[in-house]
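Student: Right, I'll just put the structure down here and ask away after.
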Amino acid sequence: MKAENEQALNFIKPHTGLAKMTRRELLKRSAAIGGSLIVGTGFIAGSSASWAMELKSLSPDTMATLVQMARDIYPHDSMGDEIYAAAVKGHDDKAAEDADFKAMLEAGVESLNAAAKQMGHASYLDTGWEAERTEILKSIESDTFFQTMRGGLVVGLYNQEAVWAALGYEGSSYEKGGYLNRGFDDIKWL
Amino acid sequence: MTAPFDVNDDSVVVIIGTGAGGGTLANELAQKGIDVVALEAGGRHLPKDYINNEWPSFSQLAWTDMRTTSGSWRVAKDFPNLPAWIVKAVGGSTVHWAGASLRLQDHEFRALSTYGALEGANLLDWPVTLAELEPYYDKAEKKMGVTRTNGIPGLPGNNNFKVMKAGADKMGYKECHTGRMAINSEPRDDRASCQQLGFCFQGCKMGAKWSTAYSDIPKGEATGHLEVRENSLVLKIEHNADGKVDGVVYQDKDGNQVKQKARAVCVAGNSIESPRMLLNSASSMFPDGLANSSGQVGKNYMRHMTGSVYAAFEKPVHMYRGTTMAGIITDEGRHDPSRGFVGGYEMETLSIGIPFMAAFLNPGGWGREFASAMDNYQNMAGMWLVGEDMPQESNAITLSEEKDHTGMPAANVHFDDHPNDIAMRNHAYKQGMALYDSVGATQTYPTPPYPSTHNLGTLRMSEKASDGVVNGFGQSHDINNLFVSDGSQFTTGGAENPTLTIVTLAIRQADYIAKQMSEKSI
C-alpha cells in the first residue's frame, strides 16, 4: 500500500513528452508500428501523432508491449493509448535507475512474446484478440512481473485526472463551493 | 500551573492520543481545571490543510507505521501491512470519520444475556447499561451537534441517499433518513454548515464535521490546562515500586526519548496501538504487559462485520457528490435470530472516489469485468454494511516479529470471521443487492471489507477482573491510575458506528477521574 501510495505521488507529476511533431515527422523517425503505436528510436507515439513519450531506459518495443498489457489488464475502450502510456511511464523511470527491475520487465515481455508464439502469433502485440492476450496474462498472473504491472496500474492508471474525467468523477469541489449548488441532489430519473 | 508543563511535573494526567476518546477526555478534564499533557503521535493538520484527493490525503493523514497481519481475513492477503485505515494526527480518526453518530441499543450492552453463549464467541455483558449512559449520550450529542437531536435539522439528501431511499421504500423498510450526523446542517459552535464537498473521509475542509482536532482540542488549550505535544510517539508506560503507573516514555519530534511523569495515564491510541503499548510496557513486576492479569490485553479484537454493495444503473447517480454517509436504514439493526444470526447491522450510504474504488472494489481484480465496473462509476450508488461482529479470544493484537521505525515491536493484527459474522454479511449483501435491484440496478458489486476503520474491544470492560481489562469507567482492574479511554474498552461492538459511544464514555470517564482525584483515590 505504501509503495502504491508513493507511486501515486509520482504519477500525479506531469509527464515529459516529446515536443509536438507532425505525423509525417514522427513516421520519418519511426522504426515500426507496434499495435496502435508508432515505435521509434527512444520514443513511442500515438498513431495520430497527438502525443509522444520519450523513453529513458526501456526499448520502444518493450514499452509498446507494456502499454498493450496495461490496456489488457484494465481495458477501457474509450481511453486512448496516451493514458496507458502515462500509467506505465514510471516503470521506464525506475528501470533507468534499477538494472534488476529493468531486467525483470524485459524478461516479462519476452515471456509474453514466447507465449504468443506458442499460439502461432509473431508477438504479444501481434496477438489480435483480447481474449487470447488475456489467456496469456492469466498464465503469468502470479508472477512478479504481472503483479508489478497490475499493482502499479491501480494507482498509475486510476489516479490520473484524465481517467477521472473519462469515468465521470469530478473530484475536489471545495474550490467551487462544494457540490451544494452543483448537483449534489440533481437525480431525476428515479 | 499553566501549560506548557514540565516533564518532571508528576501532578499532570497524561493522555495518549487525541482522537474521539483522548481528545474529548483532554478537553473535559481541562474544563474542570485538571492539568493534562496529551501526547499525539502525529502532527497537527487543520481544515485549510486537508487535501480533497484520496491518495495525497491518505499520505497526509493515515497511520502507515509498520504493522503486520495474520488470519483468514482478506485484508491480510490484499493489504498485509495496512490492517486498519486510521489517522495519525491531532484529532486522530475524528479527522477522517464519516460523522455517523448512533447510540448503541439497550440489548447490545447485554450481549451475552441477550444472544446466549455462542460457540467460539467470547461474549460478555457490559458492566454499564444504556440507562446509565443516556445522560452522557445527551451531552455528547449536544457537544458534537448531532443532527436530528437537540432540534438540529437533518442534512439534505444527496443523490446517493435518494437511490437508497427509493430502494428502501420498495423493500418495505420503515426507518430510512439522512442520519444522525455530527455534521452541521446549519452553522453551529463556530463551525460552518456542510457544503456537500464529498470528501468527509479526507478531513472536512469546511470544518462542518465535528472533530477533536478543531473542536475539543483548541477549547481545552484555551483553558491553560491542556498541553498537546505533537509528533510524540509513546513507546511505553512506566510504573513505580508500588505498581502504580508514574509516567510515559515517548519519542519526541526530534527523535529523542523523553519521560513525562504523571499522576494518572489514560490510553487512547486506538484498539491496535493501545494494547500494543501495554504489551510493550512489560516489566519484571508485570511480565505479560501492564493491566494484563486477566490475560485479555489485546484479545477480543473486533472490527465490525462490514462489506459494501455498489450498484450500477442505466443513468448517472454521481454518488460522490455530497456528504458521504448522510443516509441510513436502521431496520436491520434489530436482534432477530430468525435471520440466521445474532445481533444486527446498519445500511449506510457510502461513496469512494475513483482512486480508492480502483484499490478497494475487488483488490487484485483485473480484466474486462473489473474495468467494466469502473466504467460504470458515474452511474453507481453505494452503501456500507456495518454490524455487530463476535468477540473472539483468538482475534488479537500481539507483538509482531517486525519492529517499527523506533525499534519497538510492531502490532500484529490477527483476525478470522466468526460464522455469525459470515452469516450476517451474506444476509446484508443479499438485502443490499435486492434494494438496488428493486430500483433498476443493471449490475451489483458485493465488495469485501476495507482495512478496518472501527477497531474495538482489545482492552475490554468487564464486571469481573478475570474477564477483562478495565471496569465500567475504563479504569484498569489491576492498576487504578491507569485508564483506557478509546474504543478498546468496548465489551462488545454493537451494530452502530462507535464514535458517539467513545465520546460518551470519555465524558463520563472525565467525571469519574475528577472525582477519584478529589477523593485522593488516585
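Chain labels follow the order of the C-alpha cells: the first chain is A, the next B, and so on; residue numbering restarts at 1 in every chain, and ligands are counted from 1 in their shown order.
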Give me, as a list in words, the contact residues of chain B against chain A at a cut-off of 6 Å, counting only C-alpha atoms.
Tutor: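 Output check: Asn52, Asn158, Asn159, Gln195, Gln196, Leu197, Arg321, Gly322, Pro355, Ala358, Trp366, Gly367, Arg368, Ala371, Asp375 and Gln378 of chain B.
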Student: For Leu435 of chain B, find every residue with an atom within 8 Å (counting only C-alpha atoms), except residues of its own chain fewer than 2 positions away, and show them as an mmCIF file with C-alpha atoms, in the first residue's frame.
Tutor:
```cif
data_model
loop_
_atom_site.group_PDB
_atom_site.id
_atom_site.type_symbol
_atom_site.label_atom_id
_atom_site.label_comp_id
_atom_site.auth_asym_id
_atom_site.auth_seq_id
_atom_site.Cartn_x
_atom_site.Cartn_y
_atom_site.Cartn_z
ATOM 1 C CA MET B 164 -31.125 4.355 -1.163
ATOM 2 C CA GLY B 167 -34.954 1.272 -2.705
ATOM 3 C CA ALA B 168 -35.808 1.295 0.995
ATOM 4 C CA LYS B 170 -39.620 -0.599 -2.410
ATOM 5 C CA MET B 171 -38.184 -3.043 0.136
ATOM 6 C CA GLN B 431 -30.534 -7.230 1.181
ATOM 7 C CA GLY B 432 -28.297 -4.510 -0.216
ATOM 8 C CA MET B 433 -28.281 -6.046 -3.697
ATOM 9 C CA ASP B 437 -32.240 -4.317 -7.904
ATOM 10 C CA SER B 438 -35.644 -3.003 -6.793
ATOM 11 C CA VAL B 439 -34.839 0.391 -8.298
#
```
Student: Of the candidates A:Gly90, A:Gly152, A:Gly128, A:Gly46, which one gets nearest to Ala64 of chain A if we count only C-alpha atoms?
Tutor: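 Distance minimum relative to Ala64 of chain A lands on A:Gly46.
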Student: To one decimal in Å, tell me the separation between atom CA of Ile136 of chain A and atom CA of Tyr84 of chain A.
Tutor: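 These atoms are spaced 19.1 Å apart.
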Student: Which of segment 134-358 of chain B counts as helix (DSSP H, G or I) under DSSP, as a ChimeraX atom specification please?
Tutor: /B:134-144,159-171,200-202,216-222,270-280,331-333,337-339,354-358
Student: In Å, with one decimal, what is the gap from atom CA of Met347 of chain B to atom CA of Gly71 of chain B?
Tutor: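 Computing it gives 26.5 Å between the two atoms.
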Student: Select from segment 1-189 of chain A everything DSSP, run on the backbone, classes as strand (DSSP E or B), then give the selection as a list in words.
Tutor: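 In segment 1-189 of chain A, DSSP puts these residues in strand (DSSP E or B): Gly17, Ser30, Ala31, Ala32, Ile33, Gly34, Leu37, Ile38, Val39, Gly40, Phe43, Ile44, Ala45, Gly46, Ala52, Met53 and Glu54 of chain A.
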Student: Store the residues picked out above in a file with N, CA, C and O atoms, as a compact mmCIF listing (two decimals), in the first residue's frame.
Tutor:
```
# COMPACT_ATOMS: atom_id res chain seq x y z
N GLY A 17 6.79 14.68 -22.37
CA GLY A 17 6.66 14.01 -23.66
C GLY A 17 7.58 14.66 -24.67
O GLY A 17 8.33 15.58 -24.35
N SER A 30 10.40 6.93 -37.14
CA SER A 30 9.96 5.69 -36.52
C SER A 30 10.54 4.47 -37.21
O SER A 30 10.88 4.50 -38.39
N ALA A 31 10.65 3.41 -36.45
CA ALA A 31 11.20 2.17 -36.95
C ALA A 31 10.08 1.20 -37.32
O ALA A 31 10.20 0.44 -38.27
N ALA A 32 9.03 1.23 -36.56
CA ALA A 32 7.98 0.23 -36.77
C ALA A 32 6.70 0.73 -36.11
O ALA A 32 6.71 1.69 -35.37
N ILE A 33 5.64 0.05 -36.43
CA ILE A 33 4.38 0.35 -35.76
C ILE A 33 3.99 -0.88 -34.95
O ILE A 33 3.88 -1.97 -35.49
N GLY A 34 3.87 -0.71 -33.65
CA GLY A 34 3.51 -1.82 -32.76
C GLY A 34 2.09 -1.64 -32.27
O GLY A 34 1.82 -0.70 -31.54
N LEU A 37 0.48 1.79 -31.89
CA LEU A 37 1.52 2.77 -31.56
C LEU A 37 2.56 2.90 -32.66
O LEU A 37 2.84 1.94 -33.38
N ILE A 38 3.14 4.08 -32.73
CA ILE A 38 4.33 4.27 -33.56
C ILE A 38 5.54 4.08 -32.65
O ILE A 38 5.61 4.68 -31.57
N VAL A 39 6.45 3.22 -33.08
CA VAL A 39 7.61 2.93 -32.25
C VAL A 39 8.84 3.47 -32.94
O VAL A 39 9.15 3.08 -34.07
N GLY A 40 9.54 4.40 -32.32
CA GLY A 40 10.73 4.98 -32.93
C GLY A 40 11.93 4.84 -32.03
O GLY A 40 11.86 4.22 -30.98
N PHE A 43 11.56 6.46 -28.45
CA PHE A 43 10.24 7.03 -28.12
C PHE A 43 9.12 6.13 -28.63
O PHE A 43 9.33 5.26 -29.49
N ILE A 44 7.96 6.33 -28.09
CA ILE A 44 6.74 5.77 -28.66
C ILE A 44 5.78 6.93 -28.87
O ILE A 44 5.90 7.97 -28.21
N ALA A 45 4.84 6.73 -29.76
CA ALA A 45 3.90 7.81 -30.04
C ALA A 45 2.58 7.23 -30.49
O ALA A 45 2.50 6.07 -30.95
N GLY A 46 1.54 8.01 -30.33
CA GLY A 46 0.24 7.61 -30.82
C GLY A 46 0.21 7.66 -32.34
O GLY A 46 0.90 8.48 -32.95
N ALA A 52 3.41 11.86 -27.81
CA ALA A 52 4.60 11.03 -27.93
C ALA A 52 5.29 11.03 -26.58
O ALA A 52 5.12 11.96 -25.78
N MET A 53 6.02 9.97 -26.29
CA MET A 53 6.69 9.86 -25.00
C MET A 53 8.12 9.40 -25.20
O MET A 53 8.36 8.36 -25.82
N GLU A 54 9.04 10.19 -24.69
CA GLU A 54 10.45 9.84 -24.78
C GLU A 54 10.77 8.80 -23.70
O GLU A 54 10.23 8.86 -22.60
```
